[in-house]
Amino acid sequence: MTGIHRPLRDPAVNAVIEKLVAAQQYPAGDPRNGLERDPHEYSDYGFSISPEQGDLIYLLCRGIRATRTVEFATSVGLSTLYAAAAVRDNGGGTVIGAELVPAKVAAARRNLADAGLADYAEIREGDARVTLRDLGGQIDFALIDGWLGAEPSLAREVIELVAPHLRIGGYVLNDNAEPDFLAWIRDPANGFVSVALPLHGGTELCVKAAERER
Ligand SMILES: C[S@@+](CC[C@H](N)C(=O)[O-])C[C@H]1O[C@@H](n2cnc3c(N)ncnc32)[C@H](O)[C@@H]1O
C-alpha cells in the first residue's frame with residue numbers, strides 16, 4: 001500500500017492492516033457462492049473488505065463523528081480496524097462486531113490488540129441474528145458484509161434487525177450486493193437512499209434519510 005494516499009495515518013493500525021492484506025488467501029472456487037456452506041470450514045480465510053472499502057469506512061465514520069458502529073461480520077477484524085480507529089479518532093466509542101467462528105473471533109481480538117484498538121471494539125461470538133439483537137442504543141454506522149447463502153440472505157435478516165437502531169444520517173455499507181438486501185434497502189418505504197459504488201465487485205453505500213413507513 002506504499003505510495004497510495006490513505007486517510008488512516010496511525011502506523012500501528014496500518015502495520016496490522018498491511019499484514020492482513022498480505023495474508024489474504026482465497027480457496028479454490030468461491031465458497032460464498034455455494035448455498036448453505038458452513039463458515040466453520042473456512043476459518044483460515046478472511047474474505048475481508050478491500051483497503052479502498054476500509055478507507056471509505058474510516059472516512060465516513062470520521063465525517064459523521066461516529067461513536068457507535070456495528071458490523072456483520074467481523075471475520076479476522078480487518079473492517080473492524082478501520083471503524084475502531086475512526087471511533088477512537090472521534091474521541092472514543094465502540095464497534096460492535098459479530099462473528100460465528102471462534103478462531104476468527106480470537107484472531108480479530110488479537111489484531112485489534114496489536115493495533116492498540118482493543119478498547120474500541122466488542123466482538124460478539126455467535127450467530128449475528130442473535131448477538132446483534134440488543135445493540136444497547138443508537139448506531140451511527142453499520143457494515144453489512146456477510147456470508148452468501150439461501151434467501152433470505154443473512155445480510156437481509158441483519159439489516160432488518162439493525163436498521164431501526166440506526167440514526168437518521170447514519171450510513172450502511174454493504175459488500176456482496178445480495179439481491180434481497182438490495183431490494184430492501186432500495187425500497188423507499190424503508191427510509192434509505194443508496195448508491196452502487198464500483199468497489200470490490202459491488203458495494204452499496206446507503207444513508208438512512210427517514211424512519212421506515214409503517
Ligand atoms: C465476508 S466475511 C467478513 C469480513 C470482514 N468484514 C473483514 O473485513 O475482515 C463474512 C464472515 O461472516 C461470518 N459468518 C457467517 N455466518 C455468520 C452468522 N450467522 N453470524 C455471524 N457471522 C457469520 C463468516 O464466518 C465470515 O467470517
# chains A, B, ... in the order shown; residues from 1 in each chain; ligands from 1
call {"tool": "residues_near_ligand", "arguments": {"ligand": "ligand 1", "cutoff": "6 Å", "atoms": "only C-alpha atoms and all ligand atoms", "output": "list of chain:residue names"}}
result
A:Pro39, A:Gly46, A:Phe47, A:Ser48, A:Ile49, A:Ala73, A:Thr74, A:Ser75, A:Val76, A:Gly77, A:Leu78, A:Ser79, A:Ala98, A:Glu99, A:Leu100, A:Val101, A:Gly126, A:Asp127, A:Ala128, A:Asp145, A:Gly146, A:Trp147
call {"tool": "write_last_selection", "arguments": {"atoms": "N, CA and C atoms", "output": "mmCIF file, in the first residue's frame"}}
result
data_model
loop_
_atom_site.group_PDB
_atom_site.id
_atom_site.type_symbol
_atom_site.label_atom_id
_atom_site.label_comp_id
_atom_site.auth_asym_id
_atom_site.auth_seq_id
_atom_site.Cartn_x
_atom_site.Cartn_y
_atom_site.Cartn_z
ATOM 1 N N PRO A 39 -19.587 -21.889 7.538
ATOM 2 C CA PRO A 39 -18.489 -20.939 7.738
ATOM 3 C C PRO A 39 -17.343 -21.525 8.569
ATOM 4 N N GLY A 46 -10.117 -14.986 5.420
ATOM 5 C CA GLY A 46 -10.717 -13.759 5.957
ATOM 6 C C GLY A 46 -11.923 -13.291 5.175
ATOM 7 N N PHE A 47 -11.904 -13.475 3.855
ATOM 8 C CA PHE A 47 -12.934 -12.907 2.974
ATOM 9 C C PHE A 47 -13.146 -11.422 3.317
ATOM 10 N N SER A 48 -12.051 -10.727 3.503
ATOM 11 C CA SER A 48 -12.132 -9.369 4.065
ATOM 12 C C SER A 48 -12.443 -8.316 3.017
ATOM 13 N N ILE A 49 -12.844 -7.159 3.504
ATOM 14 C CA ILE A 49 -13.058 -5.989 2.658
ATOM 15 C C ILE A 49 -11.738 -5.574 2.002
ATOM 16 N N ALA A 73 -20.039 -9.151 8.988
ATOM 17 C CA ALA A 73 -19.487 -9.823 10.146
ATOM 18 C C ALA A 73 -18.037 -9.351 10.334
ATOM 19 N N THR A 74 -17.403 -9.846 11.375
ATOM 20 C CA THR A 74 -16.067 -9.366 11.743
ATOM 21 C C THR A 74 -14.942 -10.139 11.090
ATOM 22 N N SER A 75 -15.114 -11.443 10.920
ATOM 23 C CA SER A 75 -14.040 -12.318 10.427
ATOM 24 C C SER A 75 -12.781 -12.081 11.276
ATOM 25 N N VAL A 76 -11.649 -11.803 10.622
ATOM 26 C CA VAL A 76 -10.406 -11.613 11.373
ATOM 27 C C VAL A 76 -10.209 -10.155 11.782
ATOM 28 N N GLY A 77 -11.192 -9.318 11.477
ATOM 29 C CA GLY A 77 -11.173 -7.968 12.033
ATOM 30 C C GLY A 77 -10.606 -6.878 11.149
ATOM 31 N N LEU A 78 -10.447 -7.132 9.846
ATOM 32 C CA LEU A 78 -9.888 -6.061 9.010
ATOM 33 C C LEU A 78 -10.838 -4.856 8.985
ATOM 34 N N SER A 79 -12.093 -5.080 8.705
ATOM 35 C CA SER A 79 -13.049 -3.961 8.693
ATOM 36 C C SER A 79 -13.159 -3.314 10.070
ATOM 37 N N ALA A 98 -19.724 -8.901 15.083
ATOM 38 C CA ALA A 98 -20.381 -10.205 15.205
ATOM 39 C C ALA A 98 -19.626 -11.207 14.357
ATOM 40 N N GLU A 99 -19.302 -12.353 14.935
ATOM 41 C CA GLU A 99 -18.619 -13.404 14.166
ATOM 42 C C GLU A 99 -18.977 -14.766 14.756
ATOM 43 N N LEU A 100 -19.298 -15.680 13.848
ATOM 44 C CA LEU A 100 -19.739 -17.024 14.216
ATOM 45 C C LEU A 100 -18.582 -17.946 14.599
ATOM 46 N N VAL A 101 -17.453 -17.821 13.909
ATOM 47 C CA VAL A 101 -16.371 -18.809 14.027
ATOM 48 C C VAL A 101 -15.394 -18.394 15.146
ATOM 49 N N GLY A 126 -20.885 -15.744 17.918
ATOM 50 C CA GLY A 126 -22.153 -16.455 17.730
ATOM 51 C C GLY A 126 -22.858 -15.972 16.481
ATOM 52 N N ASP A 127 -24.097 -16.403 16.350
ATOM 53 C CA ASP A 127 -24.896 -16.038 15.177
ATOM 54 C C ASP A 127 -25.344 -14.581 15.298
ATOM 55 N N ALA A 128 -24.991 -13.789 14.316
ATOM 56 C CA ALA A 128 -25.287 -12.352 14.362
ATOM 57 C C ALA A 128 -26.785 -12.071 14.525
ATOM 58 N N ASP A 145 -21.510 -7.094 5.736
ATOM 59 C CA ASP A 145 -20.526 -7.800 4.911
ATOM 60 C C ASP A 145 -20.579 -9.265 5.309
ATOM 61 N N GLY A 146 -21.623 -9.958 4.817
ATOM 62 C CA GLY A 146 -21.915 -11.270 5.373
ATOM 63 C C GLY A 146 -21.527 -12.432 4.507
ATOM 64 N N TRP A 147 -22.219 -13.479 4.696
ATOM 65 C CA TRP A 147 -21.932 -14.788 4.114
ATOM 66 C C TRP A 147 -23.050 -15.104 3.148
#
call {"tool": "closest_atom_pairs", "arguments": {"of": "range 86-165 of chain A", "to": "range 59-69 of chain A", "cutoff": "10 Å", "atoms": "only C-alpha atoms", "output": "JSON lines"}}
result
{"residue": "A:Ala86", "atom": "CA", "partner": "A:Arg62", "partner_atom": "CA", "distance": 5.6}
{"residue": "A:Val87", "atom": "CA", "partner": "A:Thr67", "partner_atom": "CA", "distance": 5.0}
{"residue": "A:Arg88", "atom": "CA", "partner": "A:Thr67", "partner_atom": "CA", "distance": 8.0}
{"residue": "A:Asp89", "atom": "CA", "partner": "A:Arg62", "partner_atom": "CA", "distance": 7.5}
{"residue": "A:Asn90", "atom": "CA", "partner": "A:Arg65", "partner_atom": "CA", "distance": 5.8}
{"residue": "A:Gly91", "atom": "CA", "partner": "A:Thr67", "partner_atom": "CA", "distance": 7.8}
{"residue": "A:Gly92", "atom": "CA", "partner": "A:Thr67", "partner_atom": "CA", "distance": 6.2}
{"residue": "A:Gly93", "atom": "CA", "partner": "A:Thr67", "partner_atom": "CA", "distance": 4.4}
{"residue": "A:Thr94", "atom": "CA", "partner": "A:Arg68", "partner_atom": "CA", "distance": 5.1}
{"residue": "A:Val95", "atom": "CA", "partner": "A:Thr69", "partner_atom": "CA", "distance": 4.7}
{"residue": "A:Ile96", "atom": "CA", "partner": "A:Thr69", "partner_atom": "CA", "distance": 6.1}
{"residue": "A:Gly97", "atom": "CA", "partner": "A:Thr69", "partner_atom": "CA", "distance": 8.5}
{"residue": "A:Tyr120", "atom": "CA", "partner": "A:Thr67", "partner_atom": "CA", "distance": 9.4}
{"residue": "A:Ala121", "atom": "CA", "partner": "A:Thr69", "partner_atom": "CA", "distance": 9.2}
{"residue": "A:Leu135", "atom": "CA", "partner": "A:Arg68", "partner_atom": "CA", "distance": 9.4}
{"residue": "A:Gly136", "atom": "CA", "partner": "A:Arg68", "partner_atom": "CA", "distance": 9.8}
{"residue": "A:Gly137", "atom": "CA", "partner": "A:Arg68", "partner_atom": "CA", "distance": 8.6}
{"residue": "A:Gln138", "atom": "CA", "partner": "A:Arg68", "partner_atom": "CA", "distance": 7.3}
{"residue": "A:Ile139", "atom": "CA", "partner": "A:Arg68", "partner_atom": "CA", "distance": 5.2}
{"residue": "A:Asp140", "atom": "CA", "partner": "A:Ala66", "partner_atom": "CA", "distance": 5.3}
{"residue": "A:Phe141", "atom": "CA", "partner": "A:Thr69", "partner_atom": "CA", "distance": 4.7}
{"residue": "A:Ala142", "atom": "CA", "partner": "A:Thr69", "partner_atom": "CA", "distance": 5.7}
{"residue": "A:Leu143", "atom": "CA", "partner": "A:Thr69", "partner_atom": "CA", "distance": 8.1}
call {"tool": "closest_residue", "arguments": {"among": "A:Leu81, A:Val70, A:Ile123, A:Leu173", "to": "Val105 in chain A", "atoms": "only C-alpha atoms"}}
result
A:Ile123
call {"tool": "residues_around", "arguments": {"residues": "Ala12 in chain A", "least_positions_apart": "2", "cutoff": "10 Å", "atoms": "only C-alpha atoms", "output": "PyMOL selection string"}}
result
chain A and resi 9-10+14-17+114-117
call {"tool": "write_last_selection", "arguments": {"atoms": "N, CA and C atoms", "output": "PDB file, in the first residue's frame"}}
result
ATOM      1  N   ARG A   9      -3.928   7.295   9.357  1.00  0.00           N
ATOM      2  CA  ARG A   9      -2.476   7.568   9.398  1.00  0.00           C
ATOM      3  C   ARG A   9      -1.731   6.948  10.568  1.00  0.00           C
ATOM      4  N   ASP A  10      -2.415   6.128  11.355  1.00  0.00           N
ATOM      5  CA  ASP A  10      -1.766   5.556  12.541  1.00  0.00           C
ATOM      6  C   ASP A  10      -0.861   4.393  12.104  1.00  0.00           C
ATOM      7  N   ASN A  14      -1.944   0.709  10.674  1.00  0.00           N
ATOM      8  CA  ASN A  14      -1.610   0.388   9.281  1.00  0.00           C
ATOM      9  C   ASN A  14      -0.710  -0.845   9.172  1.00  0.00           C
ATOM     10  N   ALA A  15       0.145  -1.057  10.172  1.00  0.00           N
ATOM     11  CA  ALA A  15       1.008  -2.250  10.135  1.00  0.00           C
ATOM     12  C   ALA A  15       0.151  -3.514  10.200  1.00  0.00           C
ATOM     13  N   VAL A  16      -0.885  -3.499  11.043  1.00  0.00           N
ATOM     14  CA  VAL A  16      -1.754  -4.691  11.141  1.00  0.00           C
ATOM     15  C   VAL A  16      -2.586  -4.834   9.862  1.00  0.00           C
ATOM     16  N   ILE A  17      -3.077  -3.719   9.342  1.00  0.00           N
ATOM     17  CA  ILE A  17      -3.843  -3.772   8.085  1.00  0.00           C
ATOM     18  C   ILE A  17      -2.980  -4.368   6.976  1.00  0.00           C
ATOM     19  N   ASP A 114      -3.108  -5.789  18.785  1.00  0.00           N
ATOM     20  CA  ASP A 114      -1.828  -5.430  18.147  1.00  0.00           C
ATOM     21  C   ASP A 114      -1.867  -4.002  17.588  1.00  0.00           C
ATOM     22  N   ALA A 115      -3.054  -3.574  17.170  1.00  0.00           N
ATOM     23  CA  ALA A 115      -3.200  -2.231  16.592  1.00  0.00           C
ATOM     24  C   ALA A 115      -3.441  -1.172  17.661  1.00  0.00           C
ATOM     25  N   GLY A 116      -3.550  -1.600  18.918  1.00  0.00           N
ATOM     26  CA  GLY A 116      -3.820  -0.645  20.005  1.00  0.00           C
ATOM     27  C   GLY A 116      -5.269  -0.202  20.059  1.00  0.00           C
ATOM     28  N   LEU A 117      -6.168  -1.035  19.505  1.00  0.00           N
ATOM     29  CA  LEU A 117      -7.577  -0.635  19.402  1.00  0.00           C
ATOM     30  C   LEU A 117      -8.524  -1.536  20.204  1.00  0.00           C
TER      31      LEU A 117
END
call {"tool": "select_by_dssp", "arguments": {"residues": "range 27-132 of chain A", "states": "alpha helix (DSSP H)", "output": "PyMOL selection string"}}
result
chain A and resi 51-63+78-89+102-114+128-131
call {"tool": "closest_residue", "arguments": {"among": "A:Tyr82, A:Ala108, A:Val162, A:Phe181", "to": "Ser50 in chain A", "atoms": "only C-alpha atoms"}}
result
A:Tyr82
call {"tool": "residues_around", "arguments": {"residues": "Leu205 in chain A", "least_positions_apart": "6", "cutoff": "8 Å", "atoms": "only C-alpha atoms", "output": "PyMOL selection string"}}
result
chain A and resi 171-174+194-197
call {"tool": "write_last_selection", "arguments": {"atoms": "C-alpha atoms", "output": "compact mmCIF listing (two decimals), in the first residue's frame"}}
result
# COMPACT_ATOMS: atom_id res chain seq x y z
CA TYR A 171 -24.64 5.06 6.93
CA VAL A 172 -24.80 1.42 5.92
CA LEU A 173 -22.10 -0.07 3.71
CA ASN A 174 -22.87 -3.40 2.05
CA SER A 194 -28.37 4.40 -1.67
CA VAL A 195 -25.87 4.24 -4.49
CA ALA A 196 -23.91 1.34 -6.01
CA LEU A 197 -20.17 2.02 -5.95
